[in-house]
>>> print(open('input-v5.txt').read())   # compact mmCIF, C-alpha atoms
# COMPACT_ATOMS: atom_id res chain seq x y z
CA MET P 1467 29.41 5.46 -27.17
CA PHE P 1468 26.68 2.84 -26.86
CA SER P 1469 27.71 -0.78 -26.47
CA LEU P 1470 25.97 -3.39 -28.61
CA GLN P 1471 24.23 -4.64 -25.47
CA SER P 1472 22.87 -1.25 -24.43
CA THR P 1473 21.87 -0.45 -28.02
CA THR P 1474 19.94 -3.72 -28.25
CA LYS P 1475 18.25 -2.96 -24.96
CA LEU P 1476 17.41 0.56 -26.06
CA LEU P 1477 15.93 -0.72 -29.32
CA ALA P 1478 13.89 -3.29 -27.44
CA THR P 1479 12.57 -0.58 -25.14
CA LEU P 1480 11.77 1.73 -28.02
CA SER P 1481 10.03 -0.95 -30.03
CA LEU P 1482 7.97 -1.89 -26.97
CA ALA P 1483 7.11 1.77 -26.39
CA CYS P 1484 6.21 2.14 -30.07
CA LEU P 1485 3.90 -0.86 -29.88
CA PHE P 1486 2.21 0.78 -26.94
CA LEU P 1487 2.18 4.39 -27.96
CA ALA P 1488 1.80 4.36 -31.72
CA PRO P 1489 -0.17 1.34 -32.78
CA SER P 1490 -1.49 3.03 -35.93
CA ALA P 1491 -1.89 6.40 -37.55
CA ASP P 1492 -5.62 6.36 -36.72
CA ALA P 1493 -4.97 5.56 -33.08
CA GLN P 1494 -2.61 8.52 -32.86
CA THR P 1495 -5.39 10.97 -33.65
CA LYS P 1496 -8.34 9.11 -32.18
CA LYS P 1497 -8.80 9.39 -28.44
CA LEU P 1498 -9.46 6.21 -26.52
CA SER P 1499 -12.93 5.77 -25.03
CA ASP P 1500 -13.35 4.59 -21.43
CA PRO P 1501 -14.29 1.02 -22.51
CA GLU P 1502 -11.12 0.97 -24.65
CA ILE P 1503 -9.04 2.29 -21.75
CA ALA P 1504 -10.48 -0.46 -19.53
CA SER P 1505 -9.47 -3.03 -22.15
CA VAL P 1506 -5.90 -1.67 -22.38
CA ALA P 1507 -5.56 -1.54 -18.59
CA VAL P 1508 -6.73 -5.12 -18.05
CA THR P 1509 -4.66 -6.45 -20.99
CA ALA P 1510 -1.46 -4.67 -19.92
CA ASN P 1511 -1.78 -6.10 -16.41
CA GLN P 1512 -2.63 -9.59 -17.65
CA ILE P 1513 0.42 -9.63 -19.94
CA ASP P 1514 2.74 -9.01 -17.00
CA VAL P 1515 0.98 -11.73 -15.01
CA ASN P 1516 1.67 -14.07 -17.94
CA TYR P 1517 5.36 -13.07 -18.09
CA GLY P 1518 5.57 -13.76 -14.33
CA LYS P 1519 4.12 -17.23 -14.84
CA ILE P 1520 6.73 -17.97 -17.52
CA ALA P 1521 9.47 -16.85 -15.10
CA LEU P 1522 8.17 -19.12 -12.33
CA LYS P 1523 8.19 -22.01 -14.78
CA LYS P 1524 11.66 -21.36 -16.18
CA SER P 1525 13.80 -19.63 -13.57
CA LYS P 1526 15.55 -21.02 -10.51
CA ASN P 1527 16.95 -17.64 -9.48
CA ALA P 1528 15.47 -16.55 -6.11
CA GLU P 1529 15.41 -12.84 -7.00
CA ILE P 1530 13.68 -13.46 -10.34
CA ARG P 1531 11.16 -15.81 -8.74
CA LYS P 1532 10.33 -13.37 -5.93
CA PHE P 1533 9.89 -10.53 -8.41
CA ALA P 1534 7.71 -12.72 -10.65
CA GLU P 1535 5.53 -13.67 -7.67
CA THR P 1536 5.13 -10.00 -6.79
CA MET P 1537 4.19 -9.15 -10.39
CA ILE P 1538 1.56 -11.91 -10.47
CA ARG P 1539 0.09 -10.90 -7.11
CA ASP P 1540 0.11 -7.15 -7.74
CA HIS P 1541 -1.15 -7.17 -11.33
CA GLU P 1542 -3.85 -9.72 -10.53
CA GLY P 1543 -4.90 -7.39 -7.68
CA VAL P 1544 -5.09 -4.42 -10.06
CA ILE P 1545 -7.09 -6.47 -12.60
CA LYS P 1546 -9.54 -7.44 -9.85
CA GLN P 1547 -10.08 -3.79 -8.93
CA ALA P 1548 -10.30 -2.67 -12.56
CA VAL P 1549 -12.89 -5.34 -13.36
CA ALA P 1550 -14.87 -4.45 -10.21
CA LEU P 1551 -14.89 -0.79 -11.22
CA ALA P 1552 -15.82 -1.55 -14.84
CA THR P 1553 -18.69 -3.73 -13.59
CA LYS P 1554 -19.86 -0.98 -11.24
CA LEU P 1555 -19.71 1.61 -14.02
CA HIS P 1556 -21.35 -0.78 -16.52
CA VAL P 1557 -18.31 -0.40 -18.77
CA THR P 1558 -17.56 -3.39 -20.97
CA PRO P 1559 -13.85 -3.42 -21.94
CA LEU P 1560 -13.59 -2.86 -25.69
CA SER P 1561 -10.68 -4.25 -27.68
CA ASN P 1562 -8.86 -1.66 -29.77
CA ASP P 1563 -5.63 -1.07 -31.70
CA MET P 1564 -3.61 -0.52 -28.54
CA THR P 1565 -4.91 -3.75 -26.99
CA LYS P 1566 -4.07 -5.61 -30.20
CA SER P 1567 -0.56 -4.12 -30.28
CA LEU P 1568 -0.02 -5.16 -26.69
CA LEU P 1569 -1.08 -8.71 -27.46
CA ALA P 1570 1.16 -8.81 -30.55
CA GLY P 1571 4.07 -7.62 -28.39
CA GLU P 1572 3.29 -10.29 -25.81
CA LYS P 1573 3.35 -13.01 -28.46
CA LYS P 1574 6.78 -11.89 -29.66
CA THR P 1575 8.21 -11.52 -26.15
CA THR P 1576 6.80 -14.85 -24.99
CA LYS P 1577 8.50 -16.57 -27.93
CA MET P 1578 11.76 -14.79 -27.12
CA LEU P 1579 11.57 -15.72 -23.41
CA ASN P 1580 10.63 -19.32 -24.12
CA GLY P 1581 13.66 -19.63 -26.39
CA LYS P 1582 16.05 -18.88 -23.53
CA SER P 1583 17.09 -20.74 -20.40
CA GLY P 1584 19.23 -20.36 -17.30
CA LYS P 1585 21.03 -17.05 -16.83
CA ALA P 1586 20.14 -15.90 -20.36
CA PHE P 1587 16.47 -16.27 -19.51
CA ASP P 1588 16.84 -14.43 -16.17
CA LYS P 1589 18.62 -11.56 -17.89
CA ALA P 1590 16.03 -11.37 -20.67
CA TYR P 1591 13.14 -11.49 -18.22
CA ALA P 1592 14.64 -8.76 -16.02
CA GLU P 1593 15.37 -6.50 -18.99
CA ASN P 1594 11.94 -7.05 -20.47
CA GLU P 1595 10.28 -6.21 -17.14
CA ALA P 1596 12.24 -2.95 -16.91
CA ALA P 1597 11.37 -1.99 -20.50
CA TYR P 1598 7.75 -3.11 -20.18
CA HIS P 1599 7.17 -1.03 -17.06
CA ASP P 1600 8.85 1.98 -18.70
CA ALA P 1601 6.46 1.66 -21.65
CA VAL P 1602 3.33 1.03 -19.58
CA ILE P 1603 4.01 4.00 -17.28
CA SER P 1604 4.60 6.22 -20.29
CA ALA P 1605 1.37 5.06 -21.98
CA ILE P 1606 -0.72 5.61 -18.85
CA LYS P 1607 0.75 9.10 -18.34
CA THR P 1608 0.55 10.29 -21.91
CA THR P 1609 -2.51 8.47 -23.28
CA LEU P 1610 -4.74 6.65 -20.83
CA ILE P 1611 -5.05 9.32 -18.12
CA PRO P 1612 -5.45 12.28 -20.52
CA ASP P 1613 -8.05 10.39 -22.60
CA CYS P 1614 -10.02 9.03 -19.66
CA GLN P 1615 -13.44 10.63 -19.14
CA ASN P 1616 -14.81 8.89 -16.05
CA ALA P 1617 -13.44 10.31 -12.79
CA GLU P 1618 -13.39 6.95 -10.97
CA LEU P 1619 -11.55 5.23 -13.82
CA LYS P 1620 -9.09 8.12 -13.95
CA GLU P 1621 -8.58 7.80 -10.18
CA LEU P 1622 -7.87 4.08 -10.58
CA LEU P 1623 -5.26 4.85 -13.26
CA ASN P 1624 -3.66 7.46 -11.00
CA SER P 1625 -3.69 5.05 -8.06
CA VAL P 1626 -1.91 2.34 -9.99
CA MET P 1627 1.00 4.66 -10.90
CA PRO P 1628 2.90 4.33 -7.57
CA VAL P 1629 2.60 0.52 -7.85
CA LEU P 1630 4.02 0.57 -11.39
CA ALA P 1631 6.74 3.04 -10.41
CA HIS P 1632 7.78 0.65 -7.63
CA HIS P 1633 7.85 -2.28 -10.06
CA GLN P 1634 9.85 -0.18 -12.53
CA HIS P 1635 12.42 0.66 -9.85
CA MET P 1636 12.72 -2.98 -8.76
CA ALA P 1637 12.93 -4.20 -12.37
CA HIS P 1638 15.74 -1.78 -13.26
CA GLU P 1639 17.69 -2.79 -10.14
CA MET P 1640 17.20 -6.44 -11.01
CA ALA P 1641 18.21 -5.92 -14.64
CA ALA P 1642 21.37 -4.11 -13.50
CA ASN P 1643 22.32 -7.20 -11.47
CA PHE P 1644 22.36 -9.30 -14.61
CA LYS P 1645 24.66 -7.03 -16.64
CA MET U 208 -36.40 44.45 57.74
CA LYS U 209 -36.43 42.31 54.65
CA THR U 210 -32.58 42.41 54.52
CA ILE U 211 -32.21 41.32 58.16
CA PHE U 212 -34.61 38.40 57.61
CA SER U 213 -32.75 37.33 54.50
CA SER U 214 -29.35 37.41 56.25
CA ALA U 215 -30.63 35.42 59.24
CA PHE U 216 -32.09 32.79 56.92
CA SER U 217 -28.77 32.47 55.09
CA MET U 218 -26.90 32.01 58.38
CA VAL U 219 -29.22 29.16 59.40
CA ILE U 220 -28.74 27.39 56.07
CA LEU U 221 -24.93 27.76 56.32
CA ALA U 222 -24.89 26.45 59.89
CA LEU U 223 -26.95 23.39 58.92
CA ALA U 224 -24.66 22.70 55.98
CA LEU U 225 -21.50 22.90 58.14
CA SER U 226 -23.04 20.68 60.76
CA ALA U 227 -23.92 18.05 58.20
CA CYS U 228 -20.37 17.97 56.83
CA SER U 229 -18.57 17.69 60.15
CA GLY U 230 -21.01 15.09 61.40
CA ASP U 231 -20.27 12.73 58.46
CA ALA U 232 -16.55 13.11 58.84
CA ASN U 233 -16.62 12.07 62.50
CA GLN U 234 -18.73 8.94 62.04
CA PRO U 235 -16.93 5.64 62.60
CA SER U 236 -16.30 3.94 59.25
CA ASN U 237 -15.61 0.38 58.15
CA THR U 238 -14.29 1.47 54.76
CA THR U 239 -10.58 1.52 54.08
CA GLU U 240 -8.83 4.69 53.15
CA ALA U 241 -8.61 3.50 49.58
CA GLU U 242 -12.29 2.62 49.42
CA SER U 243 -13.19 5.91 50.97
CA ALA U 244 -10.99 7.75 48.53
CA ALA U 245 -12.44 5.78 45.64
CA ALA U 246 -15.94 6.53 46.83
CA ASN U 247 -15.08 10.19 46.69
CA GLY U 248 -13.72 9.84 43.22
CA PHE U 249 -10.03 9.79 44.15
CA THR U 250 -7.44 7.08 43.64
CA PRO U 251 -4.50 6.66 46.01
CA ALA U 252 -1.21 7.71 44.46
CA ALA U 253 0.34 4.22 44.78
CA THR U 254 -2.26 2.66 42.48
CA VAL U 255 -2.55 5.44 39.93
CA PRO U 256 -2.49 3.66 36.56
CA ALA U 257 -0.04 4.74 33.89
CA LYS U 258 -1.29 7.01 31.16
CA PRO U 259 -3.92 5.00 29.29
CA HIS U 260 -2.57 3.22 26.23
CA LYS U 261 -3.65 4.69 22.95
CA THR U 262 -4.05 3.40 19.43
CA ASP U 263 -2.48 5.18 16.48
CA THR U 264 -3.36 4.52 12.87
CA VAL U 265 -0.96 4.10 9.97
CA ILE U 266 -2.47 4.20 6.50
CA ILE U 267 -0.92 2.10 3.72
CA LYS U 268 -1.52 3.91 0.46
CA ALA U 269 0.35 4.67 -2.78
CA MET U 270 3.09 2.19 -1.85
CA ALA U 271 3.96 4.00 1.38
CA PHE U 272 3.23 4.00 5.11
CA SER U 273 1.68 7.23 6.33
CA PRO U 274 3.00 8.48 8.65
CA ALA U 275 6.28 6.71 7.89
CA THR U 276 7.58 7.41 11.40
CA ILE U 277 5.29 7.27 14.39
CA THR U 278 6.14 8.03 18.03
CA VAL U 279 4.31 6.02 20.68
CA GLN U 280 4.45 5.32 24.40
CA LYS U 281 5.27 1.89 25.80
CA GLY U 282 2.21 -0.36 25.48
CA ASP U 283 0.56 1.70 22.78
CA THR U 284 -1.02 -0.04 19.83
CA ILE U 285 -0.65 0.67 16.14
CA TYR U 286 -3.44 -0.09 13.71
CA TRP U 287 -2.37 -0.42 10.08
CA ILE U 288 -5.01 -0.35 7.39
CA ASN U 289 -4.28 -1.23 3.78
CA GLN U 290 -5.97 1.34 1.56
CA ASP U 291 -3.68 0.58 -1.37
CA MET U 292 -4.39 -1.06 -4.74
CA VAL U 293 -2.32 -4.15 -3.91
CA ALA U 294 -1.59 -6.52 -1.03
CA HIS U 295 1.14 -5.68 1.49
CA ASP U 296 2.50 -7.00 4.76
CA ILE U 297 4.04 -5.45 7.87
CA SER U 298 7.35 -7.07 8.84
CA GLN U 299 10.03 -6.20 11.38
CA TYR U 300 13.05 -4.84 9.52
CA PRO U 301 15.32 -6.52 8.56
CA ASP U 302 14.76 -10.00 10.04
CA ARG U 303 10.94 -10.31 10.04
CA LYS U 304 11.09 -11.18 13.79
CA TRP U 305 7.43 -10.21 13.84
CA HIS U 306 5.17 -9.83 10.84
CA SER U 307 1.58 -9.69 9.77
CA ALA U 308 -0.17 -12.03 7.41
CA LEU U 309 -0.68 -10.85 3.83
CA LEU U 310 -2.95 -7.79 3.99
CA GLN U 311 -5.26 -7.56 1.02
CA PRO U 312 -6.72 -4.12 0.19
CA GLY U 313 -9.11 -3.25 3.03
CA ASP U 314 -7.41 -5.58 5.56
CA HIS U 315 -5.84 -4.32 8.78
CA TYR U 316 -3.18 -5.39 11.29
CA VAL U 317 -2.78 -4.47 14.95
CA GLN U 318 0.39 -4.66 17.03
CA THR U 319 1.30 -3.39 20.52
CA PHE U 320 4.79 -1.96 21.08
CA ASP U 321 7.04 -2.12 24.15
CA ASP U 322 10.08 -1.07 22.17
CA SER U 323 11.13 0.93 19.14
CA SER U 324 11.14 -0.98 15.88
CA SER U 325 11.72 -0.50 12.18
CA TYR U 326 9.47 -2.30 9.76
CA PHE U 327 8.94 -2.78 6.02
CA CYS U 328 6.74 -4.48 3.49
CA SER U 329 8.58 -7.69 2.61
CA ILE U 330 6.78 -7.82 -0.75
CA HIS U 331 7.79 -4.26 -1.70
CA PRO U 332 11.02 -3.74 0.26
CA THR U 333 11.37 -0.04 -0.52
CA MET U 334 8.35 0.61 1.74
CA LEU U 335 9.86 1.41 5.13
CA GLY U 336 8.37 2.55 8.43
CA LYS U 337 9.56 3.27 11.95
CA VAL U 338 7.97 3.06 15.39
CA LEU U 339 9.79 5.21 17.96
CA LEU U 340 9.21 4.80 21.68
CA GLN U 341 8.85 8.12 23.46
>>> encode(input="input-v5.txt", output="structure tokens")
Amino acid sequence: MFSLQSTTKLLATLSLACLFLAPSADAQTKKLSDPEIASVAVTANQIDVNYGKIALKKSKNAEIRKFAETMIRDHEGVIKQAVALATKLHVTPLSNDMTKSLLAGEKKTTKMLNGKSGKAFDKAYAENEAAYHDAVISAIKTTLIPDCQNAELKELLNSVMPVLAHHQHMAHEMAANFK
Amino acid sequence: MKTIFSSAFSMVILALALSACSGDANQPSNTTEAESAAANGFTPAATVPAKPHKTDTVIIKAMAFSPATITVQKGDTIYWINQDMVAHDISQYPDRKWHSALLQPGDHYVQTFDDSSSYFCSIHPTMLGKVLLQ
């Protein structure tokens, strides 16, 4: 049987994944263009940088702070490379339904995180990071990589996967420590 | 007739060559044995240097060190190059007794080893590597 806690967490994960994977009926059938993929990639990374900044502002926990610093450093590094590639390919990131869904999810999560403090915040941040990385990895695997047309952009998406998988592993370990 | 002339000519050349060699060897010399040996392209056994130190390369890519374990000889150097998407560091495991600065993508780090050592990336602690002394 699921506990209330694990059910809540599962629902949070699913709703996050739904925001990412099924923003609208149109988006389900319409493939993303490379400029749209660039927009999703940059936005998804920037959102996790923003969550990291909230954690540095609110948390005193050493593990949370170290993880947040890593998220900021790594995702800013990926953004830098994505922007450099988009510039080289003359691709201008184009906002789309998936980008908008991501931003709507960020707004909700930011409000939720800002409403917590102390251990409750640390727990919420850790769980959100685990769920967020689950959803991002799934979206890249099932949508961004298959839809991507440009070989260099596809290579960048493939290259970022081990980084995200590492973050996912660390986030789940961290979340388990706050149970 | 032609054969006899050819053989005689060869004998003269051989005799001259032998004479030249033995003459040089008997000349008094101011050079030391080592200098003489060096001049002839040899090095005395006592000063033979150890096997020249070599440099091995470890690539940092896809959140891993490749190769993850490397075997070197004492005094060899390892050259790490970060070809990954994100910044890493190279730190002695587990105490960071020695460590690199932050290596941005494209940066490298060089370290010489006189002993075996385990290392990791302190930013991404699941990234582990090992240097084994042969």
>>> interface_residues(input="input-v5.txt", of="chain U", to="chain P", cutoff="10 Å", atoms="all atoms listed in the file", output="PDB file with C-alpha atoms, in the coordinates of the input")
ATOM      1  CA  LYS U 268      -1.520   3.910   0.460  1.00  0.00           C
ATOM      2  CA  ALA U 269       0.350   4.670  -2.780  1.00  0.00           C
ATOM      3  CA  MET U 270       3.090   2.190  -1.850  1.00  0.00           C
ATOM      4  CA  ALA U 271       3.960   4.000   1.380  1.00  0.00           C
ATOM      5  CA  ASP U 291      -3.680   0.580  -1.370  1.00  0.00           C
ATOM      6  CA  MET U 292      -4.390  -1.060  -4.740  1.00  0.00           C
ATOM      7  CA  VAL U 293      -2.320  -4.150  -3.910  1.00  0.00           C
ATOM      8  CA  ALA U 294      -1.590  -6.520  -1.030  1.00  0.00           C
ATOM      9  CA  HIS U 295       1.140  -5.680   1.490  1.00  0.00           C
ATOM     10  CA  GLN U 311      -5.260  -7.560   1.020  1.00  0.00           C
ATOM     11  CA  PRO U 312      -6.720  -4.120   0.190  1.00  0.00           C
ATOM     12  CA  ILE U 330       6.780  -7.820  -0.750  1.00  0.00           C
ATOM     13  CA  HIS U 331       7.790  -4.260  -1.700  1.00  0.00           C
ATOM     14  CA  PRO U 332      11.020  -3.740   0.260  1.00  0.00           C
ATOM     15  CA  THR U 333      11.370  -0.040  -0.520  1.00  0.00           C
ATOM     16  CA  MET U 334       8.350   0.610   1.740  1.00  0.00           C
TER      17      MET U 334
END
>>> closest_residue(input="input-v5.txt", among="U:Leu340, U:Thr264, U:Ser324, U:Pro259", to="Ser298 in chain U", atoms="all atoms listed in the file")
U:Ser324
>>> residues_near_point(input="input-v5.txt", point="(6.4, -11.7, -24.0)", cutoff="10 Å", atoms="all atoms listed in the file", output="ChimeraX atom specification")
/P:1513-1514,1516-1518,1520,1568-1580,1591,1594-1595,1598
>>> atom_distance(input="input-v5.txt", atom1="CA of Phe1587 in chain P", atom2="CA of Asn1643 in chain P")
13.5 Å
>>> atom_distance(input="input-v5.txt", atom1="CA of Leu1623 in chain P", atom2="CA of Val1508 in chain P")
11.2 Å
>>> atom_distance(input="input-v5.txt", atom1="CA of Leu335 in chain U", atom2="CA of Lys281 in chain U")
21.2 Å
>>> residues_near_point(input="input-v5.txt", point="(-2.4, 2.7, 7.1)", cutoff="9 Å", atoms="all atoms listed in the file", output="MDAnalysis selection string")
chainID U and resid 264:268 271:274 286:291 315
>>> residues_around(input="input-v5.txt", residues="Asp321 in chain U", least_positions_apart="4", cutoff="12 Å", atoms="all atoms listed in the file", output="PDB file with C-alpha atoms, in the frame of the given file")
ATOM      1  CA  HIS U 260      -2.570   3.220  26.230  1.00  0.00           C
ATOM      2  CA  THR U 278       6.140   8.030  18.030  1.00  0.00           C
ATOM      3  CA  VAL U 279       4.310   6.020  20.680  1.00  0.00           C
ATOM      4  CA  GLN U 280       4.450   5.320  24.400  1.00  0.00           C
ATOM      5  CA  LYS U 281       5.270   1.890  25.800  1.00  0.00           C
ATOM      6  CA  GLY U 282       2.210  -0.360  25.480  1.00  0.00           C
ATOM      7  CA  ASP U 283       0.560   1.700  22.780  1.00  0.00           C
ATOM      8  CA  THR U 284      -1.020  -0.040  19.830  1.00  0.00           C
ATOM      9  CA  ILE U 285      -0.650   0.670  16.140  1.00  0.00           C
ATOM     10  CA  VAL U 338       7.970   3.060  15.390  1.00  0.00           C
ATOM     11  CA  LEU U 339       9.790   5.210  17.960  1.00  0.00           C
ATOM     12  CA  LEU U 340       9.210   4.800  21.680  1.00  0.00           C
ATOM     13  CA  GLN U 341       8.850   8.120  23.460  1.00  0.00           C
TER      14      GLN U 341
END
